[in-house]
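See below for upload-v3.txt, which holds compact mmCIF, C-alpha atoms.
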# COMPACT_ATOMS: atom_id res chain seq x y z
CA MET A 1 120.99 92.92 120.55
CA SER A 2 124.08 95.13 120.37
CA ALA A 3 123.43 98.68 119.27
CA ALA A 4 125.07 99.50 115.97
CA THR A 5 127.57 102.34 116.28
CA SER A 6 127.41 105.05 113.67
CA PRO A 7 130.37 104.96 111.30
CA SER A 8 130.38 108.77 111.38
CA PRO A 9 128.98 111.34 113.80
CA HIS A 10 127.20 112.97 110.88
CA VAL A 11 125.05 110.00 109.86
CA GLY A 12 121.36 110.55 110.47
CA SER A 13 121.85 113.97 111.95
CA ARG A 14 123.40 116.60 109.69
CA PRO A 15 120.94 118.02 107.14
CA GLY A 16 122.37 117.41 103.72
CA GLY A 17 124.67 114.76 105.18
CA ARG A 18 125.00 111.12 104.21
CA SER A 19 121.63 110.17 105.63
CA ALA A 20 119.82 112.81 103.58
CA ARG A 21 121.75 111.80 100.47
CA VAL A 22 120.82 108.15 100.95
CA ARG A 23 117.15 109.10 101.39
CA ALA A 24 117.21 111.25 98.27
CA ALA A 25 118.89 108.52 96.20
CA VAL A 26 116.47 105.84 97.41
CA HIS A 27 113.43 108.05 96.78
CA ARG A 28 114.68 108.85 93.29
CA ALA A 29 115.28 105.14 92.60
CA VAL A 30 111.69 104.33 93.62
CA GLN A 31 110.29 107.04 91.35
CA ASP A 32 112.49 105.90 88.46
CA LEU A 33 111.48 102.26 88.87
CA LEU A 34 107.79 103.15 89.04
CA THR A 35 107.94 105.16 85.84
CA ASP A 36 110.07 102.60 84.01
CA GLU A 37 106.91 100.69 83.11
CA THR A 38 108.66 97.37 83.17
CA GLY A 39 105.60 95.97 84.88
CA GLU A 40 107.86 94.74 87.65
CA LEU A 41 107.28 95.77 91.25
CA PRO A 42 109.96 97.70 93.08
CA THR A 43 111.48 95.39 95.68
CA ILE A 44 114.02 96.50 98.30
CA PRO A 45 117.01 94.78 96.61
CA VAL A 46 116.12 96.29 93.23
CA VAL A 47 115.61 99.77 94.71
CA ALA A 48 118.89 99.53 96.65
CA ALA A 49 120.84 98.46 93.57
CA ARG A 50 119.39 101.32 91.56
CA ALA A 51 120.15 103.82 94.33
CA GLY A 52 123.69 102.49 94.77
CA VAL A 53 123.27 101.67 98.46
CA HIS A 54 123.30 98.41 100.43
CA ALA A 55 119.97 96.63 100.67
CA THR A 56 120.55 96.29 104.43
CA THR A 57 120.64 100.09 104.70
CA VAL A 58 117.22 100.27 103.06
CA TYR A 59 115.78 97.45 105.17
CA ARG A 60 117.13 99.05 108.36
CA ARG A 61 115.68 102.44 107.57
CA TRP A 62 112.32 101.57 106.01
CA GLY A 63 111.62 97.96 107.03
CA ASP A 64 109.71 96.98 103.90
CA VAL A 65 108.78 98.31 100.50
CA GLY A 66 105.33 99.41 101.72
CA GLU A 67 106.83 101.76 104.32
CA LEU A 68 109.33 103.00 101.76
CA LEU A 69 106.55 103.87 99.29
CA ALA A 70 104.55 105.59 102.05
CA ASP A 71 107.64 107.69 102.85
CA VAL A 72 108.11 108.63 99.19
CA ALA A 73 104.43 109.61 98.95
CA THR A 74 104.60 111.67 102.15
CA SER A 75 107.63 113.50 100.88
CA ARG A 76 106.04 114.00 97.44
CA PHE A 77 102.76 115.42 98.71
CA SER A 78 103.97 117.41 101.71
CA GLY A 79 105.78 119.73 99.31
CA ASP A 80 102.44 120.97 97.98
CA ILE A 81 101.86 124.67 98.41
CA VAL A 82 99.01 125.97 100.56
CA VAL A 83 96.18 127.38 98.44
CA PRO A 84 96.47 131.19 98.42
CA ASP A 85 93.60 133.24 99.81
CA THR A 86 91.49 134.26 96.81
CA GLY A 87 89.03 136.13 99.01
CA THR A 88 86.10 133.72 98.64
CA LEU A 89 85.33 130.12 99.54
CA ARG A 90 84.37 129.43 95.96
CA GLY A 91 87.61 130.89 94.63
CA ASP A 92 89.72 128.95 97.13
CA LEU A 93 87.95 125.67 96.38
CA VAL A 94 88.16 126.11 92.60
CA ARG A 95 91.87 126.84 92.88
CA TYR A 96 92.35 123.83 95.15
CA ALA A 97 90.34 121.49 92.89
CA CYS A 98 92.13 122.63 89.73
CA ASP A 99 95.55 122.24 91.38
CA LEU A 100 94.64 118.77 92.61
CA ALA A 101 93.29 117.76 89.20
CA LYS A 102 96.49 118.98 87.55
CA ASP A 103 98.61 117.17 90.12
CA LEU A 104 96.76 113.87 89.72
CA ALA A 105 96.87 114.20 85.93
CA ASP A 106 100.66 113.95 86.08
CA PRO A 107 101.52 110.34 85.11
CA ASP A 108 104.41 110.09 87.59
CA THR A 109 102.22 111.28 90.47
CA LEU A 110 99.43 108.92 89.48
CA THR A 111 101.80 105.96 89.26
CA LEU A 112 103.12 106.79 92.73
CA VAL A 113 99.60 107.10 94.17
CA ARG A 114 98.48 103.80 92.63
CA ALA A 115 101.61 101.94 93.77
CA THR A 116 101.35 103.42 97.27
CA VAL A 117 97.70 102.39 97.55
CA GLY A 118 98.55 98.88 96.42
CA ILE A 119 101.73 98.29 98.35
CA GLY A 120 101.91 100.92 101.07
CA GLY A 121 98.93 99.69 103.09
CA GLY A 122 97.35 101.97 105.70
CA HIS A 123 100.38 104.27 105.98
CA GLY A 124 100.52 104.57 102.22
CA VAL A 125 96.95 105.71 101.72
CA ALA A 126 97.24 108.10 104.66
CA ALA A 127 100.36 109.56 103.05
CA CYS A 128 98.50 110.09 99.77
CA ARG A 129 95.41 111.76 101.16
CA GLY A 130 96.84 113.42 104.29
CA GLU A 131 98.14 116.67 102.89
CA HIS A 132 95.21 117.15 100.51
CA GLN A 133 92.76 116.69 103.37
CA ARG A 134 94.67 119.17 105.56
CA GLN A 135 94.64 121.78 102.79
CA LEU A 136 90.89 121.40 102.43
CA GLU A 137 90.47 121.80 106.19
CA ALA A 138 92.53 125.02 106.08
CA ILE A 139 90.33 126.43 103.29
CA LEU A 140 87.13 125.69 105.24
CA GLU A 141 88.62 127.18 108.43
CA ARG A 142 89.59 130.32 106.49
CA GLU A 143 85.95 130.69 105.42
CA ARG A 144 84.80 130.34 109.03
CA VAL A 145 87.23 133.12 110.03
CA ARG A 146 85.67 135.26 107.29
CA GLY A 147 82.34 134.72 109.05
CA GLY A 148 80.99 132.23 106.50
CA ARG A 149 79.46 128.83 107.16
CA PRO A 150 81.19 126.43 104.78
CA PRO A 151 80.07 122.84 104.23
CA SER A 152 81.68 120.27 106.51
CA LEU A 153 85.02 118.68 105.69
CA GLU A 154 83.24 115.36 105.16
CA ARG A 155 80.82 116.84 102.63
CA THR A 156 83.56 118.72 100.80
CA THR A 157 85.69 115.59 100.65
CA ASP A 158 82.79 113.57 99.19
CA ALA A 159 81.92 116.27 96.65
CA VAL A 160 85.33 117.44 95.43
CA LEU A 161 88.27 115.35 96.64
CA ALA A 162 86.67 111.90 96.17
CA PRO A 163 85.50 112.35 92.54
CA LEU A 164 88.90 113.72 91.51
CA TYR A 165 90.73 110.84 93.17
CA TYR A 166 88.27 108.30 91.79
CA ARG A 167 88.60 109.61 88.25
CA ALA A 168 92.38 109.73 88.46
CA VAL A 169 92.96 106.39 90.13
CA PHE A 170 90.13 104.24 88.73
CA THR A 171 89.63 105.62 85.23
CA ASN A 172 91.99 106.75 82.55
CA GLU A 173 89.89 109.77 81.64
CA PRO A 174 91.72 113.09 81.53
CA LEU A 175 91.05 115.41 84.50
CA ALA A 176 90.02 118.71 82.92
CA PRO A 177 89.96 121.94 84.95
CA GLU A 178 86.26 122.34 83.96
CA CYS A 179 85.51 119.09 85.72
CA ALA A 180 87.17 120.33 88.92
CA ARG A 181 85.34 123.66 88.69
CA ASN A 182 82.04 121.87 88.08
CA LEU A 183 82.39 119.79 91.24
CA VAL A 184 82.84 122.96 93.31
CA THR A 185 79.80 124.59 91.64
CA LEU A 186 77.64 121.58 92.46
CA LEU A 187 78.85 121.47 96.07
CA LEU A 188 78.14 125.14 96.70
CA ALA A 189 74.81 125.14 94.82
CA ASP A 190 73.77 122.23 96.98
CA TRP A 191 75.02 123.91 100.11
CA SER A 192 73.74 127.49 99.65
CA PRO A 193 70.05 127.39 98.69
CA GLY A 194 70.25 131.13 97.97
CA LEU A 195 72.57 130.63 95.01
CA ARG A 196 71.02 130.36 91.58
CA ARG A 197 70.82 126.70 90.62
CA ARG A 198 71.42 125.57 87.08
CA PRO A 199 71.62 122.13 85.51
CA VAL A 200 75.25 121.16 85.23
CA ASP A 201 75.07 117.88 83.42
CA GLY A 202 72.57 116.51 81.00
CA GLY A 203 69.54 114.44 81.79
CA ASN A 204 68.68 114.28 78.14
CA MET B 205 109.02 80.40 68.08
CA SER B 206 107.59 76.86 67.89
CA ALA B 207 103.98 76.58 68.97
CA ALA B 208 103.57 74.54 72.15
CA THR B 209 101.34 71.52 71.68
CA SER B 210 98.69 70.90 74.32
CA PRO B 211 99.46 67.92 76.49
CA SER B 212 95.75 67.04 76.42
CA PRO B 213 92.87 67.96 74.12
CA HIS B 214 90.91 69.09 77.18
CA VAL B 215 93.30 71.81 78.29
CA GLY B 216 91.85 75.29 77.91
CA SER B 217 88.58 74.03 76.48
CA ARG B 218 86.47 71.80 78.70
CA PRO B 219 84.60 73.73 81.41
CA GLY B 220 85.50 72.26 84.76
CA GLY B 221 88.53 70.62 83.20
CA ARG B 222 92.19 71.04 84.08
CA SER B 223 92.32 74.61 82.80
CA ALA B 224 89.43 75.69 85.01
CA ARG B 225 90.96 73.92 88.00
CA VAL B 226 94.30 75.67 87.46
CA ARG B 227 92.55 79.03 87.21
CA ALA B 228 90.59 78.40 90.40
CA ALA B 229 93.71 77.26 92.28
CA VAL B 230 95.75 80.26 91.11
CA HIS B 231 92.95 82.72 91.96
CA ARG B 232 92.60 81.17 95.41
CA ALA B 233 96.36 81.38 95.95
CA VAL B 234 96.34 85.10 95.08
CA GLN B 235 93.48 85.79 97.49
CA ASP B 236 95.19 83.78 100.24
CA LEU B 237 98.51 85.57 99.75
CA LEU B 238 96.85 88.99 99.80
CA THR B 239 95.03 88.27 103.04
CA ASP B 240 98.07 86.68 104.68
CA GLU B 241 99.27 90.15 105.64
CA THR B 242 102.91 89.17 105.40
CA GLY B 243 103.51 92.54 103.78
CA GLU B 244 105.11 90.70 100.88
CA LEU B 245 103.81 91.17 97.37
CA PRO B 246 102.46 88.19 95.48
CA THR B 247 104.93 87.31 92.74
CA ILE B 248 104.28 84.72 90.05
CA PRO B 249 106.68 82.11 91.52
CA VAL B 250 105.16 82.52 95.00
CA VAL B 251 101.59 82.32 93.65
CA ALA B 252 102.46 79.26 91.55
CA ALA B 253 104.05 77.47 94.50
CA ARG B 254 101.02 78.17 96.67
CA ALA B 255 98.64 76.98 93.94
CA GLY B 256 100.69 73.85 93.31
CA VAL B 257 101.24 74.58 89.61
CA HIS B 258 104.33 75.32 87.53
CA ALA B 259 105.35 78.99 87.38
CA THR B 260 105.64 78.64 83.59
CA THR B 261 101.94 77.73 83.45
CA VAL B 262 101.10 80.97 85.26
CA TYR B 263 103.46 83.07 83.12
CA ARG B 264 102.04 81.53 79.92
CA ARG B 265 98.45 82.17 80.90
CA TRP B 266 98.65 85.58 82.59
CA GLY B 267 101.96 87.09 81.50
CA ASP B 268 102.65 89.03 84.66
CA VAL B 269 101.30 89.53 88.15
CA GLY B 270 99.42 92.69 87.13
CA GLU B 271 97.35 90.81 84.55
CA LEU B 272 96.78 88.02 87.02
CA LEU B 273 95.44 90.44 89.65
CA ALA B 274 93.21 92.11 87.05
CA ASP B 275 91.79 88.67 86.17
CA VAL B 276 91.14 87.87 89.84
CA ALA B 277 89.41 91.24 90.29
CA THR B 278 87.28 90.75 87.16
CA SER B 279 86.20 87.34 88.37
CA ARG B 280 85.54 88.65 91.89
CA PHE B 281 83.40 91.59 90.82
CA SER B 282 81.58 90.08 87.86
CA GLY B 283 79.81 87.74 90.27
CA ASP B 284 77.92 90.66 91.77
CA ILE B 285 74.16 90.43 91.51
CA VAL B 286 72.18 93.00 89.54
CA VAL B 287 70.29 95.39 91.82
CA PRO B 288 66.63 94.29 91.96
CA ASP B 289 63.96 96.70 90.78
CA THR B 290 62.63 98.44 93.89
CA GLY B 291 60.18 100.49 91.83
CA THR B 292 61.91 103.87 92.27
CA LEU B 293 65.22 105.43 91.27
CA ARG B 294 65.85 106.40 94.87
CA GLY B 295 65.16 102.87 96.11
CA ASP B 296 67.40 101.32 93.46
CA LEU B 297 70.26 103.73 94.17
CA VAL B 298 70.05 103.29 97.95
CA ARG B 299 70.10 99.53 97.53
CA TYR B 300 73.05 99.80 95.14
CA ALA B 301 75.01 102.17 97.39
CA CYS B 302 74.41 100.08 100.52
CA ASP B 303 75.45 96.89 98.71
CA LEU B 304 78.60 98.56 97.39
CA ALA B 305 79.45 99.98 100.83
CA LYS B 306 79.02 96.54 102.37
CA ASP B 307 81.13 94.94 99.64
CA LEU B 308 83.97 97.46 100.00
CA ALA B 309 83.85 97.14 103.81
CA ASP B 310 84.89 93.50 103.47
CA PRO B 311 88.64 93.40 104.28
CA ASP B 312 89.40 90.74 101.66
CA THR B 313 87.64 92.72 98.92
CA LEU B 314 89.39 95.91 99.96
CA THR B 315 92.79 94.23 99.96
CA LEU B 316 92.12 92.89 96.47
CA VAL B 317 90.99 96.31 95.20
CA ARG B 318 94.04 98.07 96.67
CA ALA B 319 96.48 95.47 95.32
CA THR B 320 94.84 95.53 91.89
CA VAL B 321 95.03 99.32 91.76
CA GLY B 322 98.69 99.21 92.73
CA ILE B 323 99.87 96.31 90.63
CA GLY B 324 97.23 95.66 87.99
CA GLY B 325 97.69 98.92 86.06
CA GLY B 326 95.00 100.04 83.63
CA HIS B 327 93.41 96.59 83.27
CA GLY B 328 93.33 96.26 87.04
CA VAL B 329 91.45 99.48 87.75
CA ALA B 330 89.05 98.78 84.88
CA ALA B 331 88.38 95.36 86.40
CA CYS B 332 87.60 96.93 89.78
CA ARG B 333 85.24 99.62 88.60
CA GLY B 334 83.79 97.98 85.48
CA GLU B 335 80.96 95.96 86.92
CA HIS B 336 79.96 98.65 89.45
CA GLN B 337 79.76 101.22 86.68
CA ARG B 338 77.66 98.91 84.50
CA GLN B 339 75.23 98.27 87.36
CA LEU B 340 74.80 102.00 87.85
CA GLU B 341 74.16 102.44 84.14
CA ALA B 342 71.47 99.73 84.27
CA ILE B 343 69.74 101.49 87.20
CA LEU B 344 69.69 104.82 85.37
CA GLU B 345 68.41 103.16 82.18
CA ARG B 346 65.64 101.48 84.17
CA GLU B 347 64.54 104.91 85.40
CA ARG B 348 64.48 106.22 81.82
CA VAL B 349 62.25 103.28 80.82
CA ARG B 350 59.94 104.26 83.71
CA GLY B 351 59.69 107.67 82.07
CA GLY B 352 61.92 109.45 84.59
CA ARG B 353 64.87 111.72 83.88
CA PRO B 354 67.71 110.46 86.08
CA PRO B 355 70.99 112.31 86.58
CA SER B 356 73.75 111.38 84.14
CA LEU B 357 76.05 108.44 84.76
CA GLU B 358 78.93 110.87 85.27
CA ARG B 359 77.06 112.84 87.94
CA THR B 360 75.90 109.68 89.72
CA THR B 361 79.42 108.27 89.67
CA ASP B 362 80.83 111.48 91.18
CA ALA B 363 78.12 111.67 93.83
CA VAL B 364 77.77 108.04 94.93
CA LEU B 365 80.38 105.67 93.54
CA ALA B 366 83.42 107.96 93.96
CA PRO B 367 82.89 108.87 97.64
CA LEU B 368 82.33 105.22 98.57
CA TYR B 369 85.46 104.13 96.73
CA TYR B 370 87.48 107.03 98.13
CA ARG B 371 86.42 106.29 101.70
CA ALA B 372 87.11 102.59 101.33
CA VAL B 373 90.42 102.81 99.51
CA PHE B 374 91.97 105.98 100.96
CA THR B 375 90.67 106.05 104.53
CA ASN B 376 90.18 103.41 107.13
CA GLU B 377 86.82 104.78 108.23
CA PRO B 378 83.98 102.26 108.37
CA LEU B 379 81.45 102.51 105.54
CA ALA B 380 78.08 102.74 107.28
CA PRO B 381 74.82 102.18 105.35
CA GLU B 382 73.68 105.66 106.53
CA CYS B 383 76.63 107.16 104.69
CA ALA B 384 75.62 105.39 101.47
CA ARG B 385 71.99 106.44 101.90
CA ASN B 386 73.05 110.03 102.59
CA LEU B 387 75.02 110.24 99.34
CA VAL B 388 71.94 109.21 97.36
CA THR B 389 69.77 111.74 99.22
CA LEU B 390 72.20 114.54 98.39
CA LEU B 391 72.42 113.52 94.73
CA LEU B 392 68.65 113.43 94.26
CA ALA B 393 68.02 116.61 96.29
CA ASP B 394 70.57 118.32 94.09
CA TRP B 395 69.08 116.87 90.95
CA SER B 396 65.33 117.39 91.56
CA PRO B 397 64.76 121.00 92.61
CA GLY B 398 61.16 120.07 93.45
CA LEU B 399 62.19 117.81 96.31
CA ARG B 400 62.27 119.26 99.79
CA ARG B 401 65.88 120.16 100.62
CA ARG B 402 67.22 119.60 104.10
CA PRO B 403 70.68 120.09 105.58
CA VAL B 404 72.41 116.76 105.67
CA ASP B 405 75.68 117.58 107.33
CA GLY B 406 76.61 120.23 109.81
CA GLY B 407 77.89 123.68 109.04
CA ASN B 408 78.02 124.47 112.72

Just dump the structure as structure tokens.
Amino acid sequence: MSAATSPSPHVGSRPGGRSARVRAAVHRAVQDLLTDETGELPTIPVVAARAGVHATTVYRRWGDVGELLADVATSRFSGDIVVPDTGTLRGDLVRYACDLAKDLADPDTLTLVRATVGIGGGHGVAACRGEHQRQLEAILERERVRGGRPPSLERTTDAVLAPLYYRAVFTNEPLAPECARNLVTLLLADWSPGLRRRPVDGGN
Amino acid sequence: MSAATSPSPHVGSRPGGRSARVRAAVHRAVQDLLTDETGELPTIPVVAARAGVHATTVYRRWGDVGELLADVATSRFSGDIVVPDTGTLRGDLVRYACDLAKDLADPDTLTLVRATVGIGGGHGVAACRGEHQRQLEAILERERVRGGRPPSLERTTDAVLAPLYYRAVFTNEPLAPECARNLVTLLLADWSPGLRRRPVDGGN
């Protein structure tokens, strides 16, 4: 019931102070443990030991390992750069899809996404998809400002984001840039009846 | 190094015998622990205690918790019924997509899929998607036997399976049957240029 007094006025406040260092060390420990491939799950005591901090510090700050993983995922994905304006919706989407495919093809990222989905619960999955969904929204809004009528966010998510995530998370197939480009072509061919349609995958 | 001798000739051989009972009890314990929502991860000792078997039995049979989850997922999804022949590719795919959406909307199934993705590694994700992918393949093959030219398995997976999995696993939005039906409509409209095209989601 008694409020804990901070051992130092800097804790939890000064950027680059002890609090930030603890967060960085704990995040790094989680990433290291996930990529160790020991097959063991990262638990709070194991993460704390690896990070060189007290387990109670980790429990107090994150509560459980699910919240901790969601925080690592948020921090990992919020650093992603906004897709530059290529001048066209197609160009922006291709760039976005290729960047996402490349990102998800990184084994460390994929391990983090899978672990966060499995252990991070609702917060975890929101942390994984949140930034990618916001970037897509920004691309579609940019097209509207240009005077275009892009497909809805829902349709674009189904056609581009979902297949890339599905392939990365549920298969072990490599995510080639051609695959990402192809998904955008299919979306826009489907959306703009004026565009020339061509078969993109084989029926025979 | 010495080979363990079976305590009974029935172990591991007789269907419905001790081995089958152990497997059923351990599988049930995993499912119970996952749906308990304690936020704690199922570990082998915890699963064994819940199932009322020795932890060494579980370690010997499954090795680690990832393999165990993959086995539970395989058993859960291999029970799925083959989609009945509705007479058309569209009918078969709509039935398939609606069944899958309903399946993934079940909280227990979703919890198992998420945990298996997070903890089960490569075997786990293969266990989750394997049966669904095989069903889709059977539907496309059926259409070929009818003399039709269905889209490829890859295209159908991207257009139907991936969005349903993405929505289920990465969002908390409900999976409505209309959504499943819509995905099939878009796939077939895209695939058969002869079909009447209609806008399916809003651009304004």

Exercise. Residues at most 7 Å from A:Ile119, counting all atoms listed in the file, excluding those fewer than 6 positions away in the same chain, as a PyMOL selection string?
Worked result: (chain A and resi 66) or (chain B and resi 319+322)

Go ahead and save the picked residues with C-alpha atoms, as a PDB file, in the frame of the given file.
ATOM      1  CA  GLY A  66     105.330  99.410 101.720  1.00  0.00           C
TER       2      GLY A  66
ATOM      3  CA  ALA B 319      96.480  95.470  95.320  1.00  0.00           C
ATOM      4  CA  GLY B 322      98.690  99.210  92.730  1.00  0.00           C
TER       5      GLY B 322
END

For this session: Pick out the chain B residues within 7 Å of chain A. Count all atoms listed in the file. Give them as a PyMOL selection string.
Result: chain B and resi 318-323+329-330+333+353-356+362-363+366-367+370+374-375+394+405-407

Could you save the residues just selected, with C-alpha atoms, as a PDB file, keeping the file's coordinate frame?
ATOM      1  CA  ARG B 318      94.040  98.070  96.670  1.00  0.00           C
ATOM      2  CA  ALA B 319      96.480  95.470  95.320  1.00  0.00           C
ATOM      3  CA  THR B 320      94.840  95.530  91.890  1.00  0.00           C
ATOM      4  CA  VAL B 321      95.030  99.320  91.760  1.00  0.00           C
ATOM      5  CA  GLY B 322      98.690  99.210  92.730  1.00  0.00           C
ATOM      6  CA  ILE B 323      99.870  96.310  90.630  1.00  0.00           C
ATOM      7  CA  VAL B 329      91.450  99.480  87.750  1.00  0.00           C
ATOM      8  CA  ALA B 330      89.050  98.780  84.880  1.00  0.00           C
ATOM      9  CA  ARG B 333      85.240  99.620  88.600  1.00  0.00           C
ATOM     10  CA  ARG B 353      64.870 111.720  83.880  1.00  0.00           C
ATOM     11  CA  PRO B 354      67.710 110.460  86.080  1.00  0.00           C
ATOM     12  CA  PRO B 355      70.990 112.310  86.580  1.00  0.00           C
ATOM     13  CA  SER B 356      73.750 111.380  84.140  1.00  0.00           C
ATOM     14  CA  ASP B 362      80.830 111.480  91.180  1.00  0.00           C
ATOM     15  CA  ALA B 363      78.120 111.670  93.830  1.00  0.00           C
ATOM     16  CA  ALA B 366      83.420 107.960  93.960  1.00  0.00           C
ATOM     17  CA  PRO B 367      82.890 108.870  97.640  1.00  0.00           C
ATOM     18  CA  TYR B 370      87.480 107.030  98.130  1.00  0.00           C
ATOM     19  CA  PHE B 374      91.970 105.980 100.960  1.00  0.00           C
ATOM     20  CA  THR B 375      90.670 106.050 104.530  1.00  0.00           C
ATOM     21  CA  ASP B 394      70.570 118.320  94.090  1.00  0.00           C
ATOM     22  CA  ASP B 405      75.680 117.580 107.330  1.00  0.00           C
ATOM     23  CA  GLY B 406      76.610 120.230 109.810  1.00  0.00           C
ATOM     24  CA  GLY B 407      77.890 123.680 109.040  1.00  0.00           C
TER      25      GLY B 407
END

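The interatomic distance for the pair atom CA of A:Ser19 and atom CA of A:Leu34 works out to 22.7 Å.
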
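Nearest-residue note for A:Thr185: choosing from A:Glu137, A:Ala97, A:His132, A:Ala168, the minimum distance belongs to A:Ala97, counting only C-alpha atoms.
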
Problem set entry | 10 Å contact set for A:Leu89, all atoms listed in the file, chain neighbours under 2 positions out, as an NGL selection string | :A and (85-87 or 91-95 or 139-144 or 146 or 148-150 or 184 or 188)

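Proximity ranking of A:Ala138, A:Ala20, A:Val145, A:Leu100 relative to A:Pro84 places A:Ala138 first, based on only C-alpha atoms.
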
For this session: Would you list the contacts of A:Ala176 as a VMD selection string, taking every protein, DNA or RNA residue within 12 Å and counting only C-alpha atoms, but skipping same-chain residues closer than 2 positions in sequence?
Result: chain A and resid 97 to 105 164 167 to 168 173 to 174 178 to 183

Exercise. Which neighbours of A:Ala29 fall inside 12 Å, counting all atoms listed in the file, when residues of the same chain fewer than 6 positions from it are skipped, and could you give them as a PyMOL selection string?
Worked result: chain A and resi 22-23+35-36+42-53+58+68-69+72

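If you look at atom CA of B:Val234 and atom CA of B:Trp266, they are 12.7 Å away from each other.
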
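Across the model, the gap from atom CA of A:Asp108 to atom CA of A:His27 is 13.0 Å.
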
Write out all heavy atoms for stretch 225-230 of chain B, as a PDB file, keeping the file's coordinate frame.
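As a result, selection_19.pdb now contains:
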ATOM      1  N   ARG B 225      90.434  74.235  86.661  1.00  0.00           N
ATOM      2  CA  ARG B 225      90.960  73.920  88.000  1.00  0.00           C
ATOM      3  C   ARG B 225      92.213  74.726  88.293  1.00  0.00           C
ATOM      4  O   ARG B 225      92.408  75.217  89.404  1.00  0.00           O
ATOM      5  CB  ARG B 225      91.259  72.413  88.118  1.00  0.00           C
ATOM      6  CG  ARG B 225      90.015  71.555  88.313  1.00  0.00           C
ATOM      7  CD  ARG B 225      90.371  70.179  88.871  1.00  0.00           C
ATOM      8  NE  ARG B 225      91.381  69.474  88.078  1.00  0.00           N
ATOM      9  CZ  ARG B 225      91.102  68.729  86.996  1.00  0.00           C
ATOM     10  NH1 ARG B 225      89.849  68.610  86.587  1.00  0.00           N
ATOM     11  NH2 ARG B 225      92.060  68.120  86.354  1.00  0.00           N
ATOM     12  N   VAL B 226      93.074  74.861  87.286  1.00  0.00           N
ATOM     13  CA  VAL B 226      94.300  75.670  87.460  1.00  0.00           C
ATOM     14  C   VAL B 226      93.917  77.110  87.775  1.00  0.00           C
ATOM     15  O   VAL B 226      94.443  77.727  88.701  1.00  0.00           O
ATOM     16  CB  VAL B 226      95.180  75.608  86.183  1.00  0.00           C
ATOM     17  CG1 VAL B 226      96.235  76.715  86.204  1.00  0.00           C
ATOM     18  CG2 VAL B 226      95.845  74.246  86.061  1.00  0.00           C
ATOM     19  N   ARG B 227      92.957  77.635  86.996  1.00  0.00           N
ATOM     20  CA  ARG B 227      92.550  79.030  87.210  1.00  0.00           C
ATOM     21  C   ARG B 227      92.006  79.218  88.634  1.00  0.00           C
ATOM     22  O   ARG B 227      92.366  80.152  89.330  1.00  0.00           O
ATOM     23  CB  ARG B 227      91.473  79.420  86.187  1.00  0.00           C
ATOM     24  CG  ARG B 227      91.055  80.866  86.280  1.00  0.00           C
ATOM     25  CD  ARG B 227      90.312  81.308  85.026  1.00  0.00           C
ATOM     26  NE  ARG B 227      90.014  82.730  85.075  1.00  0.00           N
ATOM     27  CZ  ARG B 227      88.793  83.230  85.304  1.00  0.00           C
ATOM     28  NH1 ARG B 227      87.778  82.421  85.516  1.00  0.00           N
ATOM     29  NH2 ARG B 227      88.614  84.536  85.337  1.00  0.00           N
ATOM     30  N   ALA B 228      91.171  78.292  89.061  1.00  0.00           N
ATOM     31  CA  ALA B 228      90.590  78.400  90.400  1.00  0.00           C
ATOM     32  C   ALA B 228      91.683  78.338  91.470  1.00  0.00           C
ATOM     33  O   ALA B 228      91.670  79.114  92.429  1.00  0.00           O
ATOM     34  CB  ALA B 228      89.569  77.282  90.607  1.00  0.00           C
ATOM     35  N   ALA B 229      92.644  77.420  91.284  1.00  0.00           N
ATOM     36  CA  ALA B 229      93.710  77.260  92.280  1.00  0.00           C
ATOM     37  C   ALA B 229      94.596  78.509  92.338  1.00  0.00           C
ATOM     38  O   ALA B 229      94.987  78.962  93.417  1.00  0.00           O
ATOM     39  CB  ALA B 229      94.554  76.026  91.952  1.00  0.00           C
ATOM     40  N   VAL B 230      94.885  79.073  91.164  1.00  0.00           N
ATOM     41  CA  VAL B 230      95.750  80.260  91.110  1.00  0.00           C
ATOM     42  C   VAL B 230      95.012  81.461  91.716  1.00  0.00           C
ATOM     43  O   VAL B 230      95.583  82.226  92.495  1.00  0.00           O
ATOM     44  CB  VAL B 230      96.205  80.533  89.661  1.00  0.00           C
ATOM     45  CG1 VAL B 230      96.855  81.905  89.530  1.00  0.00           C
ATOM     46  CG2 VAL B 230      97.179  79.446  89.202  1.00  0.00           C
TER      47      VAL B 230
END
